[in-house]
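*Asks:* Contents are mmCIF, C-alpha atoms and all ligand atoms; file name final-v2.cif:
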```
data_structure
loop_
_atom_site.label_atom_id
_atom_site.label_comp_id
_atom_site.auth_asym_id
_atom_site.auth_seq_id
_atom_site.Cartn_x
_atom_site.Cartn_y
_atom_site.Cartn_z
CA MET A 1 73.45 81.98 120.09
CA ALA A 2 73.80 84.78 122.67
CA GLN A 3 72.52 88.20 121.57
CA PRO A 4 75.35 90.68 120.99
CA SER A 5 75.58 93.51 123.50
CA VAL A 6 74.54 96.74 121.78
CA VAL A 7 76.18 100.16 122.13
CA ARG A 8 74.97 103.39 120.59
CA THR A 9 77.15 106.08 119.00
CA GLY A 10 76.92 108.91 116.47
CA ILE A 11 79.16 107.49 113.75
CA GLY A 12 80.20 103.85 113.35
CA ILE A 13 83.46 103.59 111.43
CA VAL A 14 84.66 100.39 109.76
CA GLY A 15 88.44 100.67 109.48
CA ALA A 16 90.88 102.25 111.92
CA GLY A 17 93.70 103.07 109.51
CA PRO A 18 94.66 106.71 108.89
CA ALA A 19 91.29 107.58 107.27
CA GLY A 20 89.10 106.05 110.01
CA LEU A 21 91.22 107.48 112.84
CA MET A 22 91.45 110.95 111.32
CA LEU A 23 87.68 111.00 110.87
CA SER A 24 87.11 109.90 114.45
CA HIS A 25 89.51 112.64 115.63
CA LEU A 26 87.84 115.42 113.57
CA LEU A 27 84.37 114.32 114.67
CA ALA A 28 85.45 114.41 118.32
CA LEU A 29 86.59 118.02 117.81
CA SER A 30 83.02 118.82 116.70
CA GLY A 31 81.57 117.04 119.71
CA ILE A 32 80.37 113.99 117.73
CA ASP A 33 80.93 110.52 119.22
CA SER A 34 82.21 107.66 117.09
CA ILE A 35 83.49 104.12 117.43
CA ALA A 36 85.99 102.68 114.94
CA VAL A 37 86.66 98.96 114.48
CA ASP A 38 89.42 97.20 112.55
CA THR A 39 90.19 93.56 111.91
CA ARG A 40 93.92 94.27 112.13
CA THR A 41 95.75 94.76 115.41
CA ARG A 42 97.43 98.08 116.11
CA THR A 43 100.84 96.39 115.75
CA GLU A 44 99.91 94.92 112.36
CA ILE A 45 98.93 98.34 111.01
CA GLU A 46 102.08 99.95 112.47
CA HIS A 47 104.20 97.47 110.54
CA THR A 48 102.47 97.75 107.17
CA HIS A 49 104.83 99.86 105.07
CA ARG A 50 103.07 102.23 102.72
CA ALA A 51 103.90 105.47 100.96
CA GLY A 52 105.66 108.32 102.61
CA ILE A 53 104.74 111.63 101.02
CA LEU A 54 102.30 114.16 102.50
CA GLU A 55 100.81 117.12 100.67
CA PRO A 56 100.89 120.45 102.56
CA ASP A 57 97.14 120.20 103.29
CA SER A 58 97.64 116.76 104.87
CA VAL A 59 100.44 118.19 107.04
CA ARG A 60 98.24 121.13 108.06
CA MET A 61 95.42 118.76 108.95
CA LEU A 62 97.65 116.75 111.31
CA VAL A 63 99.19 119.81 112.94
CA ASP A 64 96.27 122.27 113.06
CA SER A 65 93.73 119.72 114.33
CA GLY A 66 96.06 118.86 117.23
CA VAL A 67 96.96 115.29 116.20
CA SER A 68 100.71 115.91 116.45
CA ASP A 69 103.40 118.21 115.10
CA ARG A 70 105.92 115.38 114.82
CA VAL A 71 105.66 115.64 111.01
CA LEU A 72 107.29 119.09 111.28
CA THR A 73 110.02 118.05 113.70
CA GLU A 74 110.82 114.58 112.36
CA GLY A 75 109.54 114.71 108.75
CA HIS A 76 111.58 116.14 105.88
CA GLU A 77 110.38 119.04 103.79
CA HIS A 78 110.85 118.34 100.07
CA LYS A 79 110.90 121.44 97.89
CA GLY A 80 110.71 119.51 94.64
CA ILE A 81 111.44 116.21 92.90
CA ASP A 82 113.84 115.06 90.22
CA LEU A 83 112.54 113.53 87.00
CA ARG A 84 115.32 111.43 85.48
CA PHE A 85 115.47 110.05 81.94
CA ASP A 86 118.23 109.30 79.44
CA GLY A 87 120.51 109.24 82.50
CA ILE A 88 120.01 112.94 83.29
CA SER A 89 118.08 114.42 86.25
CA TYR A 90 115.77 117.41 85.79
CA ARG A 91 114.58 119.33 88.80
CA ILE A 92 110.89 120.14 89.24
CA ASP A 93 111.14 122.91 91.81
CA PHE A 94 107.77 123.05 93.62
CA GLN A 95 108.70 126.14 95.59
CA SER A 96 109.51 128.31 92.58
CA LEU A 97 106.64 126.88 90.50
CA VAL A 98 103.76 126.87 92.99
CA GLY A 99 105.24 128.06 96.32
CA ALA A 100 104.57 124.73 98.05
CA SER A 101 106.48 121.75 99.44
CA THR A 102 105.64 118.17 100.29
CA TRP A 103 106.80 116.30 103.41
CA LEU A 104 108.46 112.92 103.59
CA TYR A 105 106.72 111.33 106.58
CA PRO A 106 105.80 107.63 106.34
CA GLN A 107 102.19 106.51 106.56
CA THR A 108 103.13 104.27 109.50
CA ASP A 109 104.08 107.42 111.46
CA VAL A 110 100.84 109.15 110.47
CA PHE A 111 99.00 106.11 111.83
CA ILE A 112 101.03 106.07 115.08
CA ASP A 113 100.35 109.79 115.65
CA LEU A 114 96.62 109.31 115.05
CA ALA A 115 96.37 106.21 117.24
CA ASN A 116 98.23 108.03 120.06
CA ALA A 117 95.96 111.07 119.69
CA ARG A 118 92.79 108.92 119.86
CA ASN A 119 94.22 107.22 122.97
CA ARG A 120 95.10 110.57 124.56
CA ASP A 121 91.58 111.88 123.87
CA GLU A 122 89.94 108.62 125.04
CA GLY A 123 88.50 107.82 121.61
CA ASP A 124 86.80 104.44 121.25
CA ILE A 125 88.88 102.36 118.81
CA ARG A 126 88.61 98.55 118.69
CA PHE A 127 91.52 96.84 116.98
CA GLY A 128 91.75 93.10 116.26
CA VAL A 129 88.02 92.43 115.86
CA THR A 130 86.70 89.55 113.72
CA ASP A 131 83.55 88.62 111.79
CA THR A 132 82.69 92.23 111.00
CA ARG A 133 79.36 92.86 109.23
CA VAL A 134 77.50 96.05 108.46
CA ILE A 135 73.72 95.97 108.80
CA ASP A 136 70.63 98.04 107.98
CA ILE A 137 72.50 100.69 106.03
CA THR A 138 69.33 102.15 104.55
CA SER A 139 67.54 102.34 107.91
CA SER A 140 67.76 105.28 110.34
CA THR A 141 69.97 103.24 112.70
CA PRO A 142 72.55 101.36 110.67
CA GLY A 143 74.97 99.15 112.57
CA ILE A 144 78.18 97.14 112.74
CA ARG A 145 78.30 93.62 114.22
CA PHE A 146 81.62 92.07 115.17
CA THR A 147 83.40 89.83 117.64
CA ASP A 148 85.78 91.78 119.83
CA GLU A 149 89.33 90.80 120.79
CA ASP A 150 88.02 88.91 123.83
CA GLY A 151 85.63 86.82 121.75
CA ALA A 152 82.42 88.64 122.79
CA ARG A 153 79.78 89.42 120.12
CA ARG A 154 79.13 93.17 119.88
CA GLU A 155 76.81 95.45 117.97
CA ILE A 156 77.18 99.17 117.36
CA ARG A 157 74.11 101.18 116.34
CA CYS A 158 74.74 104.64 114.92
CA ASP A 159 73.25 107.57 113.01
CA TYR A 160 75.67 107.14 110.10
CA LEU A 161 78.11 104.46 109.11
CA VAL A 162 81.46 105.13 107.41
CA GLY A 163 83.36 102.57 105.33
CA ALA A 164 87.05 103.44 105.71
CA ASP A 165 88.07 99.82 105.36
CA GLY A 166 90.43 100.03 102.43
CA SER A 167 90.55 98.41 99.02
CA ARG A 168 89.87 94.91 100.36
CA GLY A 169 87.14 96.04 102.75
CA ILE A 170 83.55 94.85 103.09
CA CYS A 171 81.65 98.14 102.96
CA ARG A 172 81.70 99.01 99.30
CA HIS A 173 80.23 95.59 98.42
CA GLU A 174 77.15 96.52 100.47
CA VAL A 175 76.04 98.97 97.80
CA PRO A 176 73.68 96.96 95.57
CA GLU A 177 75.05 96.41 92.08
CA PRO A 178 72.36 98.38 90.25
CA GLN A 179 73.10 101.41 92.48
CA ARG A 180 76.85 101.52 91.89
CA GLN A 181 79.34 102.08 89.10
CA GLN A 182 82.86 100.70 89.25
CA TYR A 183 85.65 102.08 87.08
CA PHE A 184 88.88 100.08 86.67
CA ARG A 185 92.21 100.32 84.97
CA GLU A 186 94.66 97.42 85.31
CA TYR A 187 98.37 97.81 84.51
CA PRO A 188 100.63 95.05 83.16
CA PHE A 189 103.31 95.71 85.83
CA ALA A 190 103.80 96.30 89.57
CA TRP A 191 106.37 97.82 91.92
CA PHE A 192 109.04 95.94 93.80
CA GLY A 193 109.50 97.90 97.05
CA ILE A 194 112.50 97.61 99.35
CA LEU A 195 113.67 99.00 102.67
CA ALA A 196 117.44 98.96 103.06
CA HIS A 197 119.95 99.85 105.76
CA ALA A 198 122.03 102.34 103.80
CA PRO A 199 122.95 106.02 103.73
CA ARG A 200 120.87 108.40 101.58
CA SER A 201 121.45 108.25 97.83
CA ALA A 202 119.58 111.52 97.21
CA ASP A 203 118.20 114.30 99.42
CA GLU A 204 114.76 114.25 97.82
CA LEU A 205 112.82 111.89 95.52
CA VAL A 206 114.09 110.80 92.12
CA TYR A 207 111.51 109.40 89.68
CA ALA A 208 113.50 107.66 86.93
CA ARG A 209 112.50 106.30 83.53
CA SER A 210 115.01 103.94 81.94
CA ASP A 211 115.04 101.42 79.12
CA ARG A 212 114.86 98.70 81.80
CA GLY A 213 111.78 100.26 83.40
CA PHE A 214 110.87 102.73 86.14
CA ALA A 215 112.74 103.24 89.44
CA LEU A 216 112.13 105.55 92.41
CA ILE A 217 114.57 106.65 95.09
CA SER A 218 112.92 107.63 98.35
CA GLN A 219 114.12 107.76 101.95
CA ARG A 220 112.97 106.94 105.45
CA THR A 221 115.76 108.04 107.84
CA ASP A 222 119.48 108.83 107.67
CA THR A 223 120.19 105.10 107.82
CA VAL A 224 117.09 103.46 106.25
CA GLN A 225 116.15 104.03 102.61
CA ARG A 226 113.03 103.19 100.61
CA MET A 227 113.26 102.39 96.91
CA TYR A 228 111.01 100.91 94.27
CA PHE A 229 111.43 99.54 90.78
CA GLN A 230 108.95 98.43 88.14
CA CYS A 231 108.57 94.66 87.97
CA ASP A 232 106.22 92.03 86.62
CA ALA A 233 102.84 91.80 88.38
CA THR A 234 103.61 88.12 89.09
CA GLU A 235 107.21 88.71 90.25
CA ASP A 236 108.41 86.31 92.96
CA VAL A 237 110.40 88.18 95.66
CA GLY A 238 112.20 84.90 96.45
CA GLN A 239 114.00 85.19 93.09
CA TRP A 240 115.58 88.50 94.05
CA SER A 241 118.80 88.42 96.08
CA ASP A 242 120.10 91.71 97.51
CA ASP A 243 122.83 91.73 94.83
CA ARG A 244 120.37 91.26 92.02
CA ILE A 245 118.17 94.09 93.36
CA TRP A 246 121.04 96.55 93.76
CA ASN A 247 122.36 95.67 90.32
CA GLU A 248 118.95 96.32 88.74
CA LEU A 249 118.50 99.62 90.60
CA GLN A 250 122.04 100.80 89.72
CA HIS A 251 121.38 100.12 86.02
CA ARG A 252 118.07 101.98 86.05
CA LEU A 253 119.60 105.05 87.72
CA ALA A 254 122.93 105.07 85.82
CA GLY A 255 123.78 108.17 83.77
CA GLU A 256 126.45 110.50 82.55
CA ASP A 257 126.50 112.30 85.94
CA GLY A 258 127.85 109.06 87.47
CA LEU A 259 124.99 108.71 90.00
CA ARG A 260 125.58 105.62 92.22
CA LEU A 261 123.21 104.35 94.87
CA ALA A 262 124.67 103.75 98.32
CA GLU A 263 124.03 100.04 98.95
CA GLY A 264 123.37 98.10 102.15
CA PRO A 265 121.49 95.09 103.52
CA ILE A 266 117.86 94.91 102.37
CA ILE A 267 115.47 94.45 105.30
CA GLU A 268 112.16 94.24 103.43
CA LYS A 269 111.10 93.17 99.94
CA ALA A 270 107.52 93.21 98.66
CA VAL A 271 105.62 93.40 95.37
CA LEU A 272 102.98 96.13 95.50
CA PRO A 273 99.65 95.92 93.69
CA PHE A 274 99.05 98.39 90.94
CA ARG A 275 95.69 99.55 89.67
CA SER A 276 93.25 102.40 89.33
CA PHE A 277 89.75 101.98 90.73
CA VAL A 278 86.76 104.19 91.61
CA GLN A 279 83.34 103.22 92.91
CA GLU A 280 80.54 105.77 92.56
CA PRO A 281 78.56 107.04 94.37
CA MET A 282 80.48 107.33 97.65
CA ARG A 283 77.28 107.30 99.68
CA TYR A 284 74.43 104.81 99.82
CA GLY A 285 71.65 105.21 102.37
CA ARG A 286 73.34 106.04 105.66
CA MET A 287 76.70 104.58 104.66
CA LEU A 288 79.49 106.80 103.33
CA LEU A 289 82.79 105.56 101.88
CA ALA A 290 86.18 107.22 102.38
CA GLY A 291 89.69 106.60 101.06
CA ASP A 292 90.72 103.30 99.47
CA ALA A 293 87.31 101.80 100.26
CA ALA A 294 86.01 103.93 97.38
CA HIS A 295 89.07 104.45 95.20
CA THR A 296 92.60 103.20 94.59
CA VAL A 297 95.34 104.97 92.65
CA PRO A 298 98.61 103.48 91.38
CA PRO A 299 101.42 104.57 93.72
CA THR A 300 103.30 106.83 91.26
CA GLY A 301 102.85 110.30 92.72
CA ALA A 302 101.93 109.15 96.24
CA LYS A 303 98.31 110.30 96.15
CA GLY A 304 96.62 107.43 98.08
CA LEU A 305 96.92 108.61 101.68
CA ASN A 306 96.50 112.28 100.75
CA LEU A 307 93.30 111.48 98.91
CA ALA A 308 91.96 109.54 101.88
CA LEU A 309 92.68 112.45 104.23
CA ALA A 310 91.02 114.89 101.81
CA ASP A 311 87.88 112.67 101.70
CA VAL A 312 87.81 112.62 105.47
CA HIS A 313 88.08 116.40 105.68
CA VAL A 314 84.99 116.75 103.47
CA LEU A 315 83.24 113.88 105.24
CA ALA A 316 83.74 115.34 108.74
CA GLU A 317 82.15 118.62 107.54
CA THR A 318 79.34 116.68 105.86
CA LEU A 319 78.54 114.62 108.97
CA GLU A 320 78.74 117.64 111.23
CA CYS A 321 76.16 119.46 109.06
CA ALA A 322 73.97 116.35 108.96
CA ILE A 323 74.07 115.73 112.72
CA SER A 324 74.52 119.08 114.47
CA LYS A 325 72.62 121.26 112.01
CA ASN A 326 70.21 118.63 110.76
CA ASP A 327 71.27 119.55 107.21
CA VAL A 328 70.66 116.29 105.39
CA ASP A 329 71.25 117.90 101.95
CA SER A 330 74.95 118.00 102.73
CA LEU A 331 74.97 114.18 102.50
CA ASP A 332 73.80 114.40 98.91
CA GLN A 333 76.74 116.63 98.06
CA TYR A 334 79.44 114.40 99.57
CA THR A 335 79.99 112.23 96.48
CA ALA A 336 80.34 115.16 94.10
CA ARG A 337 82.61 117.14 96.46
CA ALA A 338 84.92 114.17 97.09
CA LEU A 339 84.97 112.89 93.51
CA GLU A 340 86.14 116.16 92.03
CA ARG A 341 89.54 115.64 93.66
CA VAL A 342 89.47 111.85 93.24
CA TRP A 343 89.27 112.03 89.45
CA LYS A 344 91.96 114.72 89.24
CA ALA A 345 94.20 112.45 91.32
CA GLN A 346 93.23 109.45 89.17
CA HIS A 347 94.33 111.34 86.09
CA PHE A 348 97.57 112.55 87.70
CA SER A 349 98.54 109.10 89.00
CA TYR A 350 97.74 107.48 85.65
CA TRP A 351 99.68 110.17 83.79
CA MET A 352 102.79 109.90 86.01
CA THR A 353 102.59 106.11 85.69
CA THR A 354 102.27 105.95 81.92
CA MET A 355 104.90 108.65 81.41
CA LEU A 356 107.55 106.81 83.42
CA HIS A 357 106.92 103.05 83.05
CA ARG A 358 108.01 100.72 80.27
CA LEU A 359 105.59 98.50 78.42
CA ASP A 360 107.10 95.19 77.28
CA ASN A 361 105.42 95.43 73.91
CA ALA A 362 106.00 99.17 73.44
CA ALA A 363 106.66 100.11 69.84
CA ASP A 364 109.58 102.42 69.06
CA PHE A 365 106.95 105.09 68.46
CA ASP A 366 105.67 104.79 72.06
CA ASP A 367 109.19 104.91 73.46
CA ARG A 368 110.05 108.06 71.59
CA ARG A 369 106.69 109.65 72.31
CA GLN A 370 107.23 109.02 76.05
CA LEU A 371 110.60 110.79 75.90
CA GLY A 372 108.91 113.63 73.99
CA GLU A 373 106.36 113.89 76.76
CA LEU A 374 109.04 114.00 79.48
CA ARG A 375 110.94 116.68 77.56
CA SER A 376 107.72 118.69 77.23
CA VAL A 377 107.27 118.56 81.00
CA VAL A 378 110.80 119.47 82.05
CA GLY A 379 111.35 121.92 79.18
CA SER A 380 108.27 124.04 79.71
CA GLU A 381 107.29 126.05 82.75
CA ALA A 382 103.62 125.30 82.03
CA GLY A 383 104.34 121.56 81.89
CA SER A 384 106.42 121.60 85.06
CA ARG A 385 103.86 123.73 86.85
CA TYR A 386 101.04 121.27 86.21
CA LEU A 387 103.17 118.50 87.70
CA ALA A 388 104.07 120.67 90.72
CA GLU A 389 100.47 121.77 91.26
CA ALA A 390 99.07 118.24 91.10
CA TYR A 391 101.89 116.68 93.15
CA THR A 392 101.52 119.19 95.99
CA GLY A 393 97.72 118.83 95.89
CA TRP A 394 94.65 120.86 95.03
CA PRO A 395 93.01 123.06 97.66
CA VAL A 396 90.00 121.55 99.46
CA ARG A 397 86.83 123.25 98.25
C1 LIG B 401 106.99 106.97 98.21
C2 LIG B 401 105.99 106.24 97.59
C3 LIG B 401 105.44 106.71 96.42
O1 LIG B 401 104.46 106.01 95.80
C4 LIG B 401 105.87 107.88 95.85
O2 LIG B 401 105.32 108.30 94.68
C5 LIG B 401 106.85 108.60 96.47
C6 LIG B 401 107.42 108.14 97.66
C7 LIG B 401 107.58 106.46 99.48
O3 LIG B 401 107.18 105.41 99.95
O4 LIG B 401 108.46 107.12 100.04
#
```
What does the file become when written as structure tokens?
Ligand code: DHB

*Replies:*
Amino acid sequence: MAQPSVVRTGIGIVGAGPAGLMLSHLLALSGIDSIAVDTRTRTEIEHTHRAGILEPDSVRMLVDSGVSDRVLTEGHEHKGIDLRFDGISYRIDFQSLVGASTWLYPQTDVFIDLANARNRDEGDIRFGVTDTRVIDITSSTPGIRFTDEDGARREIRCDYLVGADGSRGICRHEVPEPQRQQYFREYPFAWFGILAHAPRSADELVYARSDRGFALISQRTDTVQRMYFQCDATEDVGQWSDDRIWNELQHRLAGEDGLRLAEGPIIEKAVLPFRSFVQEPMRYGRMLLAGDAAHTVPPTGAKGLNLALADVHVLAETLECAISKNDVDSLDQYTARALERVWKAQHFSYWMTTMLHRLDNAADFDDRRQLGELRSVVGSEAGSRYLAEAYTGWPVR
């Protein structure tokens, strides 16, 4: 077989989703070259619908690093959320509690902004590659081998390799079993996510607990809405007509205030996976993991993308110290620095999930305890403030 043609760069990045692209962008600002590869095409990534909430630090990162300020002009500032239970909505006002807001700005737009910025700055991003393998991760020149879009075998050799290849990626499996710990939590339910052509049903997000299970009202534009409801992990989307979906959502949101969702044709239906996962450490040899490649959170609370961007912020600093200042100790600190936030976010996402979802076999005790918990949160400034603080994100150390 023909030898692959070899190119040399500072950082080889597996994965060109938001985490890989943001890292490549930040490294370029520090004068460090990188190449990112992804098995998906740019169009495939642009059409993968994910969460839509950015913490203020994520917004600042996009704007201040010169990716784009579209989040400020086209995104929507949310000054709080509603928690809804027993058919009544309770406002958690982030601004009065912690002086912060979040922004509704879909992950697909974050990706488009980053891909455009890498294009503008002539970054080297290879979409649509196949047969990706990482090699020699404990040597001083680790590498990535792949077949590019034109069918040619390629090899990248680099100083450090980053696995930003998501929860189904290849990189984290490269850490030998004795050197890694994996922490899991499975949940006996999932989310049914829809996109619908309809007017807004609420100005900001509504997280609702009902006797029929959890529901979430979110938005995309004035005419396209995003909503989710708790479903079985094995739910078949084919069994759900538009009418059945709207009926279920209306029941879960119904209350004495007469809230009604504005209905319309549903243009996308999908069941979203639901689990908590962390792999430690986040570095092995010259390979470092970022984002979903190292950890997954359940979607309640929208921490996934924000956590990935926070990892990348720390990782860009770490790699800059390692390369420009020859400070290899910084590599040793990456896992601990990143994991501090990861485990806080794991707790928050787990807590929001268990507080708002219904368990099929829940005893009356659990049901009543859950309502007690919700009342403790909305009825106490301390309770509400913890939610506001965690939802809007912890400062990067
Ligand atoms: C969205 C997704 C979430 O998981 C969440 O907690 C809030 C909003 C969204 O897609 O808009």

*Asks:* Show me which residues sit within 8 Å of ligand LIG 401 (chain B) when counting all atoms listed in the file, and put them as a list in words.

*Replies:*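 The residues within 8 Å of ligand LIG 401 (chain B), counting all atoms listed in the file, are His49, Arg50, Ala51, Gly52, Ile53, Leu104, Tyr105, Pro106, Leu205, Leu216, Ile217, Ser218, Gln219, Arg220, Arg226, Met227, Pro298, Pro299, Thr300, Gly301, Ala302 and Lys303 of chain A.
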
*Asks:* So which residues fall inside 7 Å of (117.2, 98.4, 93.1) if we count all atoms listed in the file? Mind giving them as a PDB file with C-alpha atoms, in the frame of the given file?

*Replies:*
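For reference, selection25.pdb as written:
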```pdb
ATOM      1  CA  MET A 227     113.260 102.390  96.910  1.00  0.00           C
ATOM      2  CA  TYR A 228     111.010 100.910  94.270  1.00  0.00           C
ATOM      3  CA  PHE A 229     111.430  99.540  90.780  1.00  0.00           C
ATOM      4  CA  ILE A 245     118.170  94.090  93.360  1.00  0.00           C
ATOM      5  CA  TRP A 246     121.040  96.550  93.760  1.00  0.00           C
ATOM      6  CA  ASN A 247     122.360  95.670  90.320  1.00  0.00           C
ATOM      7  CA  GLU A 248     118.950  96.320  88.740  1.00  0.00           C
ATOM      8  CA  LEU A 249     118.500  99.620  90.600  1.00  0.00           C
ATOM      9  CA  GLN A 250     122.040 100.800  89.720  1.00  0.00           C
TER      10      GLN A 250
END
```

*Asks:* Name the closest residue to A:Thr48 among the candidates A:Asp332, A:Asp109, A:Asp93, A:Asp86; distances are taken between atoms, counting all atoms listed in the file.

*Replies:*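 Ranking A:Asp332, A:Asp109, A:Asp93, A:Asp86 by distance to A:Thr48, first place goes to A:Asp109.
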
*Asks:* Between atom CA of A:Tyr391 and atom CA of A:Tyr183, what is the distance in Å, rounded to a tenth?

*Replies:*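 Atom-to-atom, atom CA of A:Tyr391 to atom CA of A:Tyr183, that is 22.7 Å.
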
*Asks:* Would you please work out which residue, of A:Arg42, A:Lys79, A:Arg244, A:Lys269, is nearest to A:Phe111 when using all atoms listed in the file?

*Replies:*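 Nearest to A:Phe111: A:Arg42.
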
*Asks:* Pull the closest atom pair for each residue of stretch 162-279 of chain A that gets at most 10 Å from stretch 28-40 of chain A, along with the distance in Å to one decimal, counting only C-alpha atoms, ordering rows by chain and then ascending residue number, as a tab-separated table.

*Replies:*
```
residue	atom	partner	partner_atom	distance
A:Val162	CA	A:Ala36	CA	9.1
A:Gly163	CA	A:Ala36	CA	10.0
A:Ala164	CA	A:Ala36	CA	9.3
A:Asp165	CA	A:Asp38	CA	7.8
A:Gly169	CA	A:Thr39	CA	10.0
```

*Asks:* When you look at A:Asp257 with a cut-off of 9 Å (counting all atoms listed in the file), what residues show up, excluding the ones that are within fewer than 3 positions of it in the same chain? I need them as a PyMOL selection string.

*Replies:* chain A and resi 87-89+254

*Asks:* Rounded to one decimal, what separation in Å do you get between atom CA of A:Gln346 and atom CA of A:Leu54?

*Replies:*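 For atom CA of A:Gln346 relative to atom CA of A:Leu54, the distance reads 16.8 Å.
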
*Asks:* So, with all atoms listed in the file as the atoms that count, which of A:Leu26, A:Ala208, A:Leu161, A:Ala262 lies closest to A:Asp222?

*Replies:*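 Using all atoms listed in the file, A:Asp222 sits closest to A:Ala262.
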
*Asks:* Please list as a list in words every residue within 8 Å of A:Leu374, counting all atoms listed in the file and excluding residues in the same chain fewer than 4 positions away.

*Replies:*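 So the residues in contact are Phe85, Met355, Gln370 and Val378 of chain A.
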
*Asks:* Choose the residue, out of A:Leu309, A:Ala233, A:Leu83, A:Ile170, that has the smallest atom-to-atom separation from A:Ala388; count only C-alpha atoms.

*Replies:*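 For A:Ala388, the nearest of the given residues is A:Leu83.
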
*Asks:* Neighbours of stretch 65-76 of chain A within 8 Å (only C-alpha atoms; same-chain residues fewer than 4 positions away dropped), as a list of chain:residue names?

*Replies:*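 My reading of the contact set: A:His25, A:Leu26, A:Val59, A:Arg60, A:Met61, A:Trp103, A:Leu104, A:Tyr105, A:Asp113, A:Leu114, A:Ala117.
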
*Asks:* Select, from A:Gly193, A:Pro142, A:Gly372, A:Gly291, the residue with the minimum atom-to-atom distance to A:Met22, counting all atoms listed in the file.

*Replies:* A:Gly291

*Asks:* I need the residue nearest A:Arg200 from this list: A:Ala100, A:Gly264, A:Arg168, A:Ala19. Use all atoms listed in the file for the distance.

*Replies:*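 The answer is A:Gly264, which sits nearest to A:Arg200.
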
*Asks:* What's around stretch 323-329 of chain A at 12 Å? Count only C-alpha atoms, leave out sequence neighbours fewer than 3 positions away in its own chain, and write the answer as a ChimeraX atom specification.

*Replies:* /A:9-11,27,30-33,158-160,285-286,315-320,332-335
